[in-house]
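S.K.: Just so it is clear, I am handing over start-v4.txt, which has compact mmCIF, C-alpha atoms.
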# COMPACT_ATOMS: atom_id res chain seq x y z
CA MET A 5 96.22 102.65 91.62
CA GLN A 6 94.03 99.64 90.93
CA THR A 7 95.57 96.27 91.75
CA ASN A 8 94.57 92.73 90.81
CA PHE A 9 96.10 90.37 93.32
CA SER A 10 94.31 87.09 93.98
CA LEU A 11 93.01 86.21 97.44
CA ALA A 12 95.71 83.55 97.67
CA GLN A 13 98.40 86.16 96.94
CA LEU A 14 96.94 88.58 99.50
CA ALA A 15 97.25 85.88 102.15
CA ASP A 16 100.99 86.58 102.02
CA PRO A 17 101.58 89.49 104.45
CA ASN A 18 104.32 90.91 102.23
CA ILE A 19 102.03 90.98 99.19
CA ALA A 20 99.26 92.48 101.31
CA GLU A 21 101.63 95.26 102.38
CA ALA A 22 102.76 95.86 98.80
CA ASN A 23 99.12 95.95 97.69
CA GLN A 24 98.31 98.71 100.18
CA ILE A 25 101.33 100.76 99.10
CA LEU A 26 100.45 100.38 95.41
CA ARG A 27 96.86 101.42 96.03
CA ASN A 28 98.05 104.67 97.62
CA CYS A 29 99.73 105.77 94.36
CA VAL A 30 97.54 108.11 92.29
CA HIS A 31 99.87 108.47 89.26
CA CYS A 32 100.30 112.21 89.91
CA GLY A 33 103.90 112.23 88.71
CA PHE A 34 105.19 114.72 91.29
CA CYS A 35 107.92 112.19 92.11
CA THR A 36 109.44 112.37 88.63
CA ALA A 37 110.72 115.93 89.13
CA THR A 38 112.89 114.97 92.10
CA CYS A 39 114.03 111.49 91.02
CA PRO A 40 117.76 111.60 90.19
CA THR A 41 117.66 108.83 87.58
CA TYR A 42 114.68 110.37 85.81
CA VAL A 43 116.40 113.76 85.85
CA LEU A 44 119.44 112.15 84.20
CA ARG A 45 117.72 109.81 81.75
CA GLY A 46 114.24 111.21 81.13
CA ASP A 47 112.92 107.63 80.96
CA GLU A 48 109.55 107.10 82.65
CA LEU A 49 110.60 103.59 83.67
CA ASP A 50 113.55 105.12 85.52
CA SER A 51 111.18 107.23 87.62
CA PRO A 52 109.40 106.13 90.81
CA ARG A 53 106.03 106.13 89.04
CA GLY A 54 107.39 103.91 86.27
CA ARG A 55 109.10 101.55 88.71
CA ILE A 56 105.93 101.28 90.79
CA TYR A 57 104.07 100.18 87.66
CA LEU A 58 106.78 97.61 86.85
CA ILE A 59 106.73 96.27 90.41
CA LYS A 60 102.94 95.98 90.28
CA GLN A 61 103.09 93.94 87.09
CA MET A 62 105.88 91.74 88.42
CA LEU A 63 104.21 90.96 91.75
CA GLU A 64 100.73 90.45 90.28
CA SER A 65 102.10 87.93 87.79
CA GLY A 66 103.55 85.82 90.58
CA GLU A 67 106.30 84.83 88.16
CA ALA A 68 110.07 85.27 88.10
CA ALA A 69 111.33 88.81 87.69
CA PRO A 70 111.97 89.64 84.00
CA ALA A 71 115.29 91.21 82.96
CA ARG A 72 113.56 94.45 81.90
CA VAL A 73 112.17 95.01 85.39
CA VAL A 74 115.46 94.09 87.05
CA ARG A 75 117.32 96.64 84.92
CA HIS A 76 115.12 99.55 86.01
CA ILE A 77 114.93 98.50 89.65
CA ASP A 78 118.71 98.14 89.76
CA ARG A 79 119.02 101.73 88.53
CA CYS A 80 117.03 102.99 91.54
CA LEU A 81 119.25 104.62 94.16
CA SER A 82 116.73 104.17 96.99
CA CYS A 83 117.42 107.84 97.73
CA LEU A 84 113.74 108.17 98.78
CA SER A 85 113.43 111.68 97.38
CA CYS A 86 110.16 110.47 95.90
CA MET A 87 108.80 109.84 99.39
CA THR A 88 109.52 113.42 100.38
CA THR A 89 107.75 114.68 97.26
CA CYS A 90 104.77 112.29 97.22
CA PRO A 91 101.50 113.94 98.36
CA SER A 92 99.81 110.56 98.82
CA GLY A 93 102.21 109.00 101.31
CA VAL A 94 103.35 106.12 99.09
CA HIS A 95 105.94 104.16 101.10
CA TYR A 96 108.25 103.52 98.17
CA MET A 97 111.08 102.25 100.41
CA HIS A 98 109.13 99.23 101.63
CA LEU A 99 107.81 98.55 98.12
CA VAL A 100 111.18 98.61 96.36
CA ASP A 101 112.78 96.56 99.15
CA HIS A 102 110.10 93.89 98.59
CA ALA A 103 110.69 94.04 94.84
CA ARG A 104 114.42 93.52 95.34
CA ALA A 105 113.79 90.52 97.56
CA HIS A 106 111.55 89.05 94.85
CA ILE A 107 114.25 89.69 92.24
CA GLU A 108 116.90 88.07 94.43
CA GLU A 109 114.72 84.97 94.87
CA THR A 110 113.56 84.54 91.27
CA TYR A 111 116.06 86.11 88.87
CA GLU A 112 119.42 84.62 87.91
CA ARG A 113 121.88 87.38 87.11
CA PRO A 114 124.79 86.98 84.70
CA PHE A 115 127.71 85.16 86.32
CA ALA A 116 130.08 88.15 86.67
CA GLU A 117 127.40 90.39 88.17
CA ARG A 118 126.27 87.66 90.54
CA LYS A 119 129.79 87.13 91.82
CA LEU A 120 130.39 90.86 92.26
CA ARG A 121 127.25 91.15 94.38
CA ASP A 122 128.27 88.08 96.36
CA LEU A 123 131.65 89.66 97.02
CA LEU A 124 130.24 93.00 98.18
CA ALA A 125 127.62 91.37 100.42
CA TRP A 126 130.25 89.10 101.98
CA LEU A 127 133.14 91.55 102.27
CA LEU A 128 131.84 95.00 103.22
CA PRO A 129 130.18 94.03 106.51
CA LYS A 130 133.39 92.34 107.75
CA PRO A 131 135.79 95.09 108.93
CA LYS A 132 138.93 92.97 109.19
CA LEU A 133 138.55 91.45 105.73
CA PHE A 134 137.43 94.75 104.24
CA ARG A 135 140.56 96.44 105.58
CA LEU A 136 142.76 93.76 103.99
CA ALA A 137 140.88 94.10 100.71
CA LEU A 138 141.43 97.88 100.70
CA ILE A 139 145.15 97.41 101.25
CA GLY A 140 145.23 94.99 98.30
CA ALA A 141 143.18 97.41 96.18
CA TRP A 142 145.68 100.19 96.94
CA PHE A 143 148.47 98.12 95.39
CA ALA A 144 146.30 97.37 92.34
CA LYS A 145 145.04 100.94 91.92
CA PRO A 146 147.78 102.06 89.47
CA PHE A 147 146.45 99.40 87.09
CA ALA A 148 142.78 100.41 87.44
CA ALA A 149 142.63 101.74 83.87
CA LEU A 150 143.33 98.23 82.59
CA ALA A 151 140.57 96.62 84.63
CA PRO A 152 137.22 95.74 83.04
CA GLY A 153 133.96 97.60 83.76
CA ARG A 154 132.88 97.64 87.37
CA LEU A 155 136.21 96.34 88.64
CA LYS A 156 137.70 99.60 87.38
CA ALA A 157 135.19 101.53 89.53
CA LEU A 158 136.03 99.39 92.55
CA LEU A 159 139.76 100.01 92.24
CA SER A 160 139.43 103.71 91.47
CA MET A 161 137.54 104.24 94.75
CA ALA A 162 140.23 102.63 96.91
CA PRO A 163 141.52 105.22 99.42
CA ALA A 164 145.08 106.49 99.31
CA SER A 165 145.65 105.04 102.79
CA VAL A 166 143.83 102.76 105.20
CA PRO A 167 143.65 103.97 108.82
CA SER A 168 144.58 101.66 111.65
CA PRO A 169 141.73 100.17 113.71
CA SER A 170 140.56 102.37 116.57
CA SER A 171 140.35 101.12 120.15
CA VAL A 172 137.17 103.19 120.49
CA ASP A 173 135.25 100.63 118.43
CA ARG A 174 135.83 97.70 120.79
CA PRO A 175 132.94 96.62 123.07
CA GLN A 176 133.20 98.80 126.19
CA VAL A 177 131.67 101.73 128.04
CA HIS A 178 133.19 105.17 127.39
CA ALA A 179 132.49 107.01 130.62
CA ALA A 180 131.07 110.52 130.69
CA GLU A 181 133.21 113.43 131.81
CA GLY A 182 131.86 115.04 134.96
CA ALA A 183 128.28 114.50 136.07
CA ARG A 184 126.50 111.90 133.98
CA ARG A 185 123.51 113.24 132.01
CA GLY A 186 122.66 110.15 130.03
CA ARG A 187 123.62 106.77 128.65
CA VAL A 188 123.50 105.80 124.98
CA ALA A 189 124.60 102.95 122.75
CA LEU A 190 126.66 103.76 119.66
CA LEU A 191 126.50 101.69 116.48
CA THR A 192 130.13 101.65 115.36
CA GLY A 193 129.21 100.20 111.97
CA CYS A 194 131.26 98.11 109.59
CA ALA A 195 132.67 99.95 106.55
CA GLN A 196 132.82 103.29 108.36
CA LYS A 197 135.17 102.17 111.10
CA VAL A 198 137.54 100.89 108.41
CA LEU A 199 137.37 103.88 106.08
CA ASN A 200 137.23 106.63 108.70
CA PRO A 201 137.53 105.61 112.38
CA ALA A 202 137.93 109.30 113.29
CA ILE A 203 134.13 109.67 113.02
CA ASN A 204 133.43 107.30 115.91
CA GLU A 205 136.30 108.79 117.90
CA ALA A 206 134.88 112.30 117.49
CA THR A 207 131.40 111.05 118.39
CA VAL A 208 132.59 109.45 121.62
CA ARG A 209 134.66 112.48 122.64
CA LEU A 210 131.80 114.87 121.97
CA LEU A 211 129.19 112.83 123.83
CA ASN A 212 131.50 112.16 126.78
CA ARG A 213 132.20 115.88 127.00
CA GLN A 214 128.46 116.48 127.20
CA GLY A 215 128.16 114.10 130.17
CA ILE A 216 126.94 111.07 128.20
CA ASP A 217 128.13 107.50 128.78
CA VAL A 218 128.67 105.80 125.41
CA VAL A 219 128.20 102.04 125.23
CA VAL A 220 129.65 99.95 122.44
CA ALA A 221 127.52 96.86 122.99
CA ARG A 222 129.02 93.41 122.68
CA GLY A 223 127.34 91.52 119.83
CA ALA A 224 126.25 94.59 117.89
CA GLY A 225 127.67 94.97 114.39
CA CYS A 226 126.58 95.67 110.84
CA CYS A 227 123.06 97.14 110.70
CA GLY A 228 122.12 94.95 107.71
CA ALA A 229 121.33 97.85 105.36
CA LEU A 230 123.76 96.82 102.65
CA THR A 231 122.38 93.33 102.11
CA HIS A 232 118.80 94.41 102.83
CA HIS A 233 118.87 96.77 99.85
CA MET A 234 120.34 93.98 97.72
CA GLY A 235 117.27 91.88 98.43
CA ARG A 236 119.15 89.44 100.68
CA THR A 237 116.69 89.53 103.53
CA ASP A 238 117.87 86.40 105.35
CA ASP A 239 121.31 87.92 105.72
CA SER A 240 120.11 91.41 106.61
CA HIS A 241 117.56 90.18 109.14
CA ALA A 242 120.19 88.01 110.84
CA LYS A 243 122.43 91.04 111.28
CA ALA A 244 119.52 93.18 112.46
CA ALA A 245 118.42 90.50 114.94
CA ALA A 246 121.92 90.41 116.47
CA ASN A 247 121.75 94.16 117.04
CA VAL A 248 118.26 93.97 118.52
CA ARG A 249 119.42 91.34 121.01
CA ALA A 250 122.62 93.22 121.90
CA TRP A 251 120.87 96.53 122.51
CA THR A 252 117.95 94.91 124.31
CA SER A 253 120.44 93.48 126.82
CA GLU A 254 121.66 97.02 127.50
CA ILE A 255 118.12 98.41 127.67
CA GLU A 256 117.07 95.76 130.17
CA GLY A 257 120.36 96.09 132.08
CA GLU A 258 121.53 99.60 133.00
CA GLY A 259 119.16 101.17 130.48
CA LEU A 260 119.65 103.39 127.44
CA ASP A 261 118.35 106.86 126.70
CA ALA A 262 119.03 106.42 122.99
CA ILE A 263 120.79 104.36 120.36
CA VAL A 264 122.95 106.87 118.54
CA ILE A 265 123.98 106.36 114.93
CA ASN A 266 126.40 108.55 112.98
CA ALA A 267 125.95 106.92 109.57
CA SER A 268 122.55 108.01 108.32
CA GLY A 269 122.18 105.06 105.94
CA CYS A 270 122.44 102.75 108.95
CA GLY A 271 120.10 104.96 110.96
CA THR A 272 117.34 104.75 108.38
CA THR A 273 117.49 100.95 108.49
CA VAL A 274 117.66 100.64 112.28
CA LYS A 275 114.66 102.95 112.61
CA ASP A 276 112.85 100.46 110.35
CA TYR A 277 113.66 97.36 112.45
CA GLY A 278 110.14 97.42 113.90
CA PHE A 279 108.71 97.01 110.41
CA MET A 280 111.32 94.45 109.38
CA PHE A 281 110.36 92.16 112.28
CA ARG A 282 106.60 92.84 112.18
CA GLY A 283 105.93 89.15 111.51
CA ASP A 284 108.33 87.77 114.12
CA PRO A 285 106.56 87.33 117.50
CA ALA A 286 109.86 86.70 119.28
CA LEU A 287 111.54 89.92 118.14
CA ARG A 288 108.82 92.33 117.05
CA GLU A 289 108.35 94.13 120.38
CA LYS A 290 112.09 94.35 121.04
CA ALA A 291 112.75 95.60 117.50
CA GLU A 292 110.04 98.25 117.86
CA ARG A 293 111.64 99.42 121.11
CA VAL A 294 115.07 99.62 119.44
CA SER A 295 113.65 101.61 116.51
CA ALA A 296 111.89 104.01 118.87
CA LEU A 297 115.13 104.68 120.76
CA THR A 298 117.26 105.22 117.65
CA ARG A 299 118.52 108.73 116.93
CA ASP A 300 120.84 110.20 114.35
CA ILE A 301 123.76 111.88 116.13
CA SER A 302 122.59 115.34 115.02
CA GLU A 303 119.05 114.57 116.19
CA TYR A 304 120.30 113.49 119.62
CA LEU A 305 122.67 116.43 120.04
CA LEU A 306 119.86 118.86 119.29
CA GLU A 307 117.71 117.12 121.91
CA ILE A 308 120.28 117.38 124.70
CA GLY A 309 121.59 120.81 123.70
CA LEU A 310 125.11 121.63 122.59
CA GLU A 311 127.12 124.72 123.41
CA ALA A 312 130.30 125.58 121.51
CA SER A 313 133.22 126.34 123.79
CA THR A 314 135.45 127.51 120.96
CA PRO A 315 133.14 128.74 118.16
CA ARG A 316 134.64 128.47 114.67
CA GLU A 317 133.56 131.81 113.27
CA GLY A 318 134.02 132.29 109.54
CA LEU A 319 134.79 128.79 108.27
CA ALA A 320 132.46 128.34 105.29
CA VAL A 321 130.89 124.87 105.30
CA ALA A 322 128.81 123.37 102.48
CA TYR A 323 126.42 121.02 104.26
CA HIS A 324 125.61 118.02 102.08
CA ALA A 325 122.27 116.50 103.07
CA ALA A 326 122.56 112.72 102.81
CA CYS A 327 119.43 111.24 101.22
CA SER A 328 119.04 108.70 104.01
CA LEU A 329 118.95 111.57 106.50
CA GLN A 330 116.78 114.12 104.72
CA HIS A 331 114.43 111.73 102.91
CA GLY A 332 114.73 108.49 104.90
CA GLN A 333 114.63 110.01 108.39
CA LYS A 334 113.13 113.44 107.57
CA ILE A 335 115.96 115.20 109.42
CA THR A 336 116.74 118.37 107.51
CA GLU A 337 117.46 121.20 109.96
CA ALA A 338 119.26 119.63 112.93
CA PRO A 339 122.76 119.35 111.35
CA LYS A 340 122.60 122.86 109.87
CA THR A 341 121.30 124.33 113.13
CA LEU A 342 124.07 122.69 115.17
CA LEU A 343 126.78 123.84 112.76
CA ALA A 344 125.46 127.40 112.66
CA GLU A 345 125.19 127.56 116.46
CA ALA A 346 128.80 126.34 116.66
CA GLY A 347 129.86 129.38 114.60
CA PHE A 348 130.29 127.85 111.15
CA ASP A 349 129.14 129.72 108.06
CA VAL A 350 126.75 127.12 106.64
CA ARG A 351 126.30 127.51 102.89
CA PRO A 352 123.16 126.07 101.20
CA VAL A 353 123.88 123.65 98.33
CA PRO A 354 121.72 123.99 95.18
CA GLU A 355 119.72 120.88 94.28
CA ALA A 356 120.23 119.63 97.82
CA HIS A 357 117.45 117.07 97.33
CA ILE A 358 119.34 115.29 94.51
CA CYS A 359 121.48 112.28 95.47
CA CYS A 360 125.28 112.39 95.21
CA GLY A 361 125.28 108.89 93.65
CA SER A 362 126.79 106.95 96.54
CA ALA A 363 123.66 105.12 97.79
CA GLY A 364 125.26 102.16 99.54
CA THR A 365 126.75 99.92 96.85
CA TYR A 366 125.18 101.89 93.98
CA ASN A 367 128.41 103.64 93.00
CA LEU A 368 130.05 100.22 92.69
CA LEU A 369 127.21 98.53 90.82
CA GLN A 370 126.07 101.47 88.66
CA PRO A 371 129.29 103.50 88.30
CA GLU A 372 128.28 105.45 85.19
CA MET A 373 125.18 107.10 86.65
CA ALA A 374 126.80 107.39 90.07
CA THR A 375 129.65 109.38 88.54
CA GLN A 376 127.26 111.70 86.70
CA LEU A 377 125.41 112.41 89.93
CA ARG A 378 128.65 112.91 91.86
CA ASP A 379 129.99 115.42 89.35
CA ARG A 380 126.68 117.28 89.37
CA LYS A 381 126.74 117.46 93.17
CA LEU A 382 130.37 118.59 93.30
CA ALA A 383 129.68 121.35 90.77
CA ASN A 384 126.81 122.60 92.92
CA ILE A 385 129.00 122.50 96.03
CA GLU A 386 131.83 124.33 94.30
CA GLY A 387 129.42 127.15 93.49
CA THR A 388 128.84 127.81 97.21
CA GLY A 389 132.40 129.03 97.74
CA ALA A 390 132.72 126.84 100.85
CA ALA A 391 136.10 125.71 102.17
CA VAL A 392 134.92 122.34 103.44
CA ILE A 393 132.08 119.85 102.92
CA ALA A 394 130.22 118.39 105.90
CA ALA A 395 128.03 115.31 105.62
CA GLY A 396 126.40 112.79 107.93
CA ASN A 397 126.96 109.57 106.02
CA ILE A 398 130.20 107.75 105.24
CA GLY A 399 129.09 106.70 101.75
CA CYS A 400 128.47 110.31 100.75
CA MET A 401 131.80 111.34 102.24
CA GLN A 402 133.69 108.76 100.20
CA GLN A 403 131.78 109.74 97.06
CA LEU A 404 132.45 113.48 97.44
CA ALA A 405 136.12 113.00 98.29
CA ALA A 406 136.78 112.95 94.53
CA GLY A 407 136.37 116.73 94.52
CA GLY A 408 138.95 119.28 95.55
CA LEU A 409 137.51 120.15 98.98
CA PRO A 410 138.11 118.31 102.26
CA VAL A 411 135.09 116.28 103.38
CA VAL A 412 134.37 115.78 107.08
CA HIS A 413 131.55 114.37 109.15
CA THR A 414 129.29 116.92 110.81
CA VAL A 415 130.18 115.45 114.21
CA GLU A 416 133.89 116.07 113.61
CA LEU A 417 133.24 119.79 113.21
CA LEU A 418 131.01 119.85 116.30
CA ASP A 419 133.64 117.98 118.32
CA TRP A 420 136.23 120.55 117.23
CA ALA A 421 133.94 123.46 118.14
CA THR A 422 133.39 122.06 121.64
CA GLY A 423 137.05 121.54 122.54
CA GLY A 424 138.13 118.56 120.48
CA PRO A 425 140.94 118.44 117.91
CA ALA A 426 140.58 119.82 114.41
CA PRO A 427 139.82 117.10 111.83
CA ASP A 428 143.03 115.96 110.16
CA SER A 429 141.75 116.82 106.69
CA LEU A 430 141.33 120.48 107.66
CA HIS A 431 144.92 121.15 108.64
CA GLY A 432 146.33 123.81 106.34
CA ILE A 433 143.02 125.50 105.53
CA ARG A 434 143.49 129.23 105.76
CA GLU A 435 140.65 129.88 108.21
CA ILE A 436 141.99 127.47 110.86
Is it possible to express this structure as C-alpha cells?
M.R.:
Amino acid sequence: MQTNFSLAQLADPNIAEANQILRNCVHCGFCTATCPTYVLRGDELDSPRGRIYLIKQMLESGEAAPARVVRHIDRCLSCLSCMTTCPSGVHYMHLVDHARAHIEETYERPFAERKLRDLLAWLLPKPKLFRLALIGAWFAKPFAALAPGRLKALLSMAPASVPSPSSVDRPQVHAAEGARRGRVALLTGCAQKVLNPAINEATVRLLNRQGIDVVVARGAGCCGALTHHMGRTDDSHAKAAANVRAWTSEIEGEGLDAIVINASGCGTTVKDYGFMFRGDPALREKAERVSALTRDISEYLLEIGLEASTPREGLAVAYHAACSLQHGQKITEAPKTLLAEAGFDVRPVPEAHICCGSAGTYNLLQPEMATQLRDRKLANIEGTGAAVIAAGNIGCMQQLAAGGLPVVHTVELLDWATGGPAPDSLHGIREI
C-alpha cells in the first residue's frame, strides 16, 4: 500500500511504525473471509482491509479522528483473525492499537458513551470495587429490561453469584510438592479473580503437583490490556510497567523459569510488553525479558510434560479457541493435545477461527454484534454433541455461559485429571 506521510510525521516513531505496517498491506482481501464483523455485516469498511484504509487516511491527515472512522474502528473486535490469514504479515494489532490511541486523544465521544468507557476503564481493573459493583448489579438485574441500551447489556451479564476472594491470589510463594522442578510467576489478573477464582486455584494446585513453585509477585496486577485496547496508553503502560518491575525483582532475585498466564487476553498483551516499551530506555530491556519469559498455561504445561493420574475417558469436551490464544499468540494445538492426553474426548468446533464476541469490553460496548457472534458460536458448539465447553480465557467463558452447557477453563479439567477436584460446574454431569 502506498503511503504519503510527510518527513515531519515520519519523525514520530509511532507514525513510522504505522507507515511500515501499512506498506506491507497489498489489498489482497484474504482477511475479509475470516473477519467476524465483515462476515456479519458484509461492509468493506467493517473488514480489516477497509479499516486499514480508514486508518491510513486518518493518520496521514494528521487531524482529529472523524466520527465515521471511529464507528468502524469501534466495531473491530481485535480478534486478530486477519493476522492469521494475512499472507503479507501485516501487524494489524499494532496498527489498530495506534489508531485507537489517536482516537482517544483527538475525538470527543458523546457524553453517555464517554462516561461508560470511563467507568469500565476505572472499575474492571480494581478487583475489590469490581466485586462490589457485581453484587450491586445482581440486585438490579431483575430490572435489566427497563434499562436503556448498553446498561441493559451490562446488567444482563451480571453473574448469578459472586465468589468470595481466594487466598491463593495474595502475594506469596506456593511451594512445590516433592522435588522442585521449576519456579514460575503467575499473573492472577483482575476481573478473572473476581468472576472465577477457581481458575487460579486450579492453576496453582496443578503446577505445585508437577513440582513447580508458583510465585504471586507483590506489586503485580492488571496487565493493562483492557485500557490499552481502549486507546488509553498512559493508563495501560503504567499498569504494564508495574508488572515489569515486580517480575524483574523476582527474575533478579531467586529467578523465574517462566511467567505463566491463564487468561489468554492478558498473555497476548504481556508478550507484547517489549514492543510497548520499545521507546523507553529505562524499561525496554526488562520488558523484553518479561515478554520472552511469558507463557500461556497450556504452552508451559506442554513444555514441562503432564501425565494424567486419573484420566477422564469419555467426557466429550468442545474446546473453544480464544482469539487471543489462537490468533494473538499462535497457540492452537497445545490445549487440545493436553486435554486429549488427559483422556478427554476433544470435539472440534466448526468456525473455530470466528470470535465468540467477548473481546475484552466489546460485549459491553457493542452488545448487538457481540450477541450475534455469541449465538453463532453457541450453535456451532451445540452441534458437536459435547457435554462441556473448555476455554482458556475468562472473557470467552463469561460470554459462552449464556448457553446451556457448563463452561470451564482448560486448566480446571487438567487439574481434575491429575488428581485435583472436579470443577464445581461439572457436578451432576452423567459422565462424572
S.K.: Give me the region 240-333 of chain A side of the contact with region 190-196 of chain A, cut-off 7 Å, one line per residue showing its nearest atom pair and distance in Å at one decimal, counting all atoms listed in the file, sorted by chain and residue number, as CSV.
M.R.:
residue,atom,partner,partner_atom,distance
A:Ile263,CA,A:Leu190,CA,5.9
A:Val264,CA,A:Leu190,CA,5.0
A:Ile265,CA,A:Leu191,CA,5.5
S.K.: Tell me which of A:Cys226, A:Ala189, A:Val172, A:Ile358 sits closest to Arg299 (chain A), counting only C-alpha atoms.
M.R.: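 Going through A:Cys226, A:Ala189, A:Val172, A:Ile358 one by one, the smallest distance to Arg299 (chain A) is for A:Ala189.
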S.K.: What is the distance, in Å and to one decimal place, between CA of Lys119 (chain A) and CA of Leu136 (chain A)?
M.R.: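 Separation of CA of Lys119 (chain A) and CA of Leu136 (chain A): 19.0 Å.
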S.K.: Using Å and a single decimal, report how far CA of Val188 (chain A) sits from CA of Met280 (chain A).
M.R.: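 These atoms are spaced 22.8 Å apart.
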S.K.: For Leu127 (chain A), which residue among A:Arg79, A:Thr231, A:Asn247, A:Arg104 is the nearest when counting all atoms listed in the file?
M.R.: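 Counting all atoms listed in the file, the residue closest to Leu127 (chain A) is A:Thr231.
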S.K.: Counting only C-alpha atoms, I want the residues whose atoms come within 12 Å of (126.9, 127.9, 126.6) in the file frame, returned as a list of chain:residue names.
M.R.: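 In the file's frame, the residues around the point are A:Gln214, A:Gly309, A:Leu310, A:Glu311, A:Ala312, A:Ser313, A:Thr314, A:Pro315, A:Glu345, A:Ala346, A:Ala421, A:Thr422.
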S.K.: Point out the residue among A:Val74, A:Arg378, A:Ile385, A:Phe281 with the least atom-to-atom distance to Asp238 (chain A), counting all atoms listed in the file.
M.R.: A:Phe281
S.K.: Quote the spacing between CA of Gln61 (chain A) and CA of Cys83 (chain A) in Å to one decimal place.
M.R.: 22.6 Å
S.K.: Counting all atoms listed in the file, figure out which residue out of A:Ala69, A:Leu199, A:Val353, A:Ala15 gets nearest to Pro131 (chain A).
M.R.: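 That would be A:Leu199, the residue with the smallest distance to Pro131 (chain A).
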S.K.: Considering only C-alpha atoms, can you say which of A:Gly257, A:Gly396, A:Gly33, A:Pro427 comes closest to Pro410 (chain A)?
M.R.: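 Checking each of A:Gly257, A:Gly396, A:Gly33, A:Pro427 against Pro410 (chain A), counting only C-alpha atoms, the winner is A:Pro427.
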S.K.: Could you list as a ChimeraX atom specification every residue that has an atom within 12 Å of (124.3, 102.3, 91.7), using the file's coordinates and counting only C-alpha atoms?
M.R.: /A:40-41,75-83,121,154,157,233-234,359-378,399,403
S.K.: Which of these, A:Gln13, A:Thr110, A:Asn384, A:Ser171, has the shortest distance to Glu355 (chain A) once you count only C-alpha atoms?
M.R.: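 For Glu355 (chain A), the nearest of the candidates is A:Asn384.
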S.K.: Just want the 12 Å neighbourhood of Arg118 (chain A), counted on only C-alpha atoms, with same-chain residues fewer than 6 positions away dropped. Output as a list in words.
M.R.: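 Using only C-alpha atoms, the neighbours found are Glu108, Tyr111, Glu112, Leu124, Ala125, Met234 and Leu369 of chain A.
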S.K.: With a distance cut-off of 12 Å and all atoms listed in the file, select the neighbouring residues of Arg351 (chain A), excluding the residue or stretch itself and same-chain residues fewer than 2 positions from it, and output the selection as a list in words.
M.R.: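 Counting all atoms listed in the file, the residues come to Gly318, Leu319, Ala320, Val321, Ala322, Tyr323, His324, Ala325, Lys340, Thr341, Leu343, Ala344, Phe348, Asp349, Val353, Pro354, Ala356, Asn384, Ile385, Glu386, Gly387, Thr388, Gly389, Ala390, Ala391, Val392, Ile393 and Ala394 of chain A.
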S.K.: For the selection just defined, write its residues with C-alpha atoms to a file, as a JSON list (two decimals), keeping the file's coordinate frame.
M.R.:
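Output contents, as saved in selection04.json:
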[["chain", "number", "residue", "atom", "x", "y", "z"],
["A", 318, "GLY", "CA", 134.02, 132.29, 109.54],
["A", 319, "LEU", "CA", 134.79, 128.79, 108.27],
["A", 320, "ALA", "CA", 132.46, 128.34, 105.29],
["A", 321, "VAL", "CA", 130.89, 124.87, 105.30],
["A", 322, "ALA", "CA", 128.81, 123.37, 102.48],
["A", 323, "TYR", "CA", 126.42, 121.02, 104.26],
["A", 324, "HIS", "CA", 125.61, 118.02, 102.08],
["A", 325, "ALA", "CA", 122.27, 116.50, 103.07],
["A", 340, "LYS", "CA", 122.60, 122.86, 109.87],
["A", 341, "THR", "CA", 121.30, 124.33, 113.13],
["A", 343, "LEU", "CA", 126.78, 123.84, 112.76],
["A", 344, "ALA", "CA", 125.46, 127.40, 112.66],
["A", 348, "PHE", "CA", 130.29, 127.85, 111.15],
["A", 349, "ASP", "CA", 129.14, 129.72, 108.06],
["A", 353, "VAL", "CA", 123.88, 123.65, 98.33],
["A", 354, "PRO", "CA", 121.72, 123.99, 95.18],
["A", 356, "ALA", "CA", 120.23, 119.63, 97.82],
["A", 384, "ASN", "CA", 126.81, 122.60, 92.92],
["A", 385, "ILE", "CA", 129.00, 122.50, 96.03],
["A", 386, "GLU", "CA", 131.83, 124.33, 94.30],
["A", 387, "GLY", "CA", 129.42, 127.15, 93.49],
["A", 388, "THR", "CA", 128.84, 127.81, 97.21],
["A", 389, "GLY", "CA", 132.40, 129.03, 97.74],
["A", 390, "ALA", "CA", 132.72, 126.84, 100.85],
["A", 391, "ALA", "CA", 136.10, 125.71, 102.17],
["A", 392, "VAL", "CA", 134.92, 122.34, 103.44],
["A", 393, "ILE", "CA", 132.08, 119.85, 102.92],
["A", 394, "ALA", "CA", 130.22, 118.39, 105.90]]
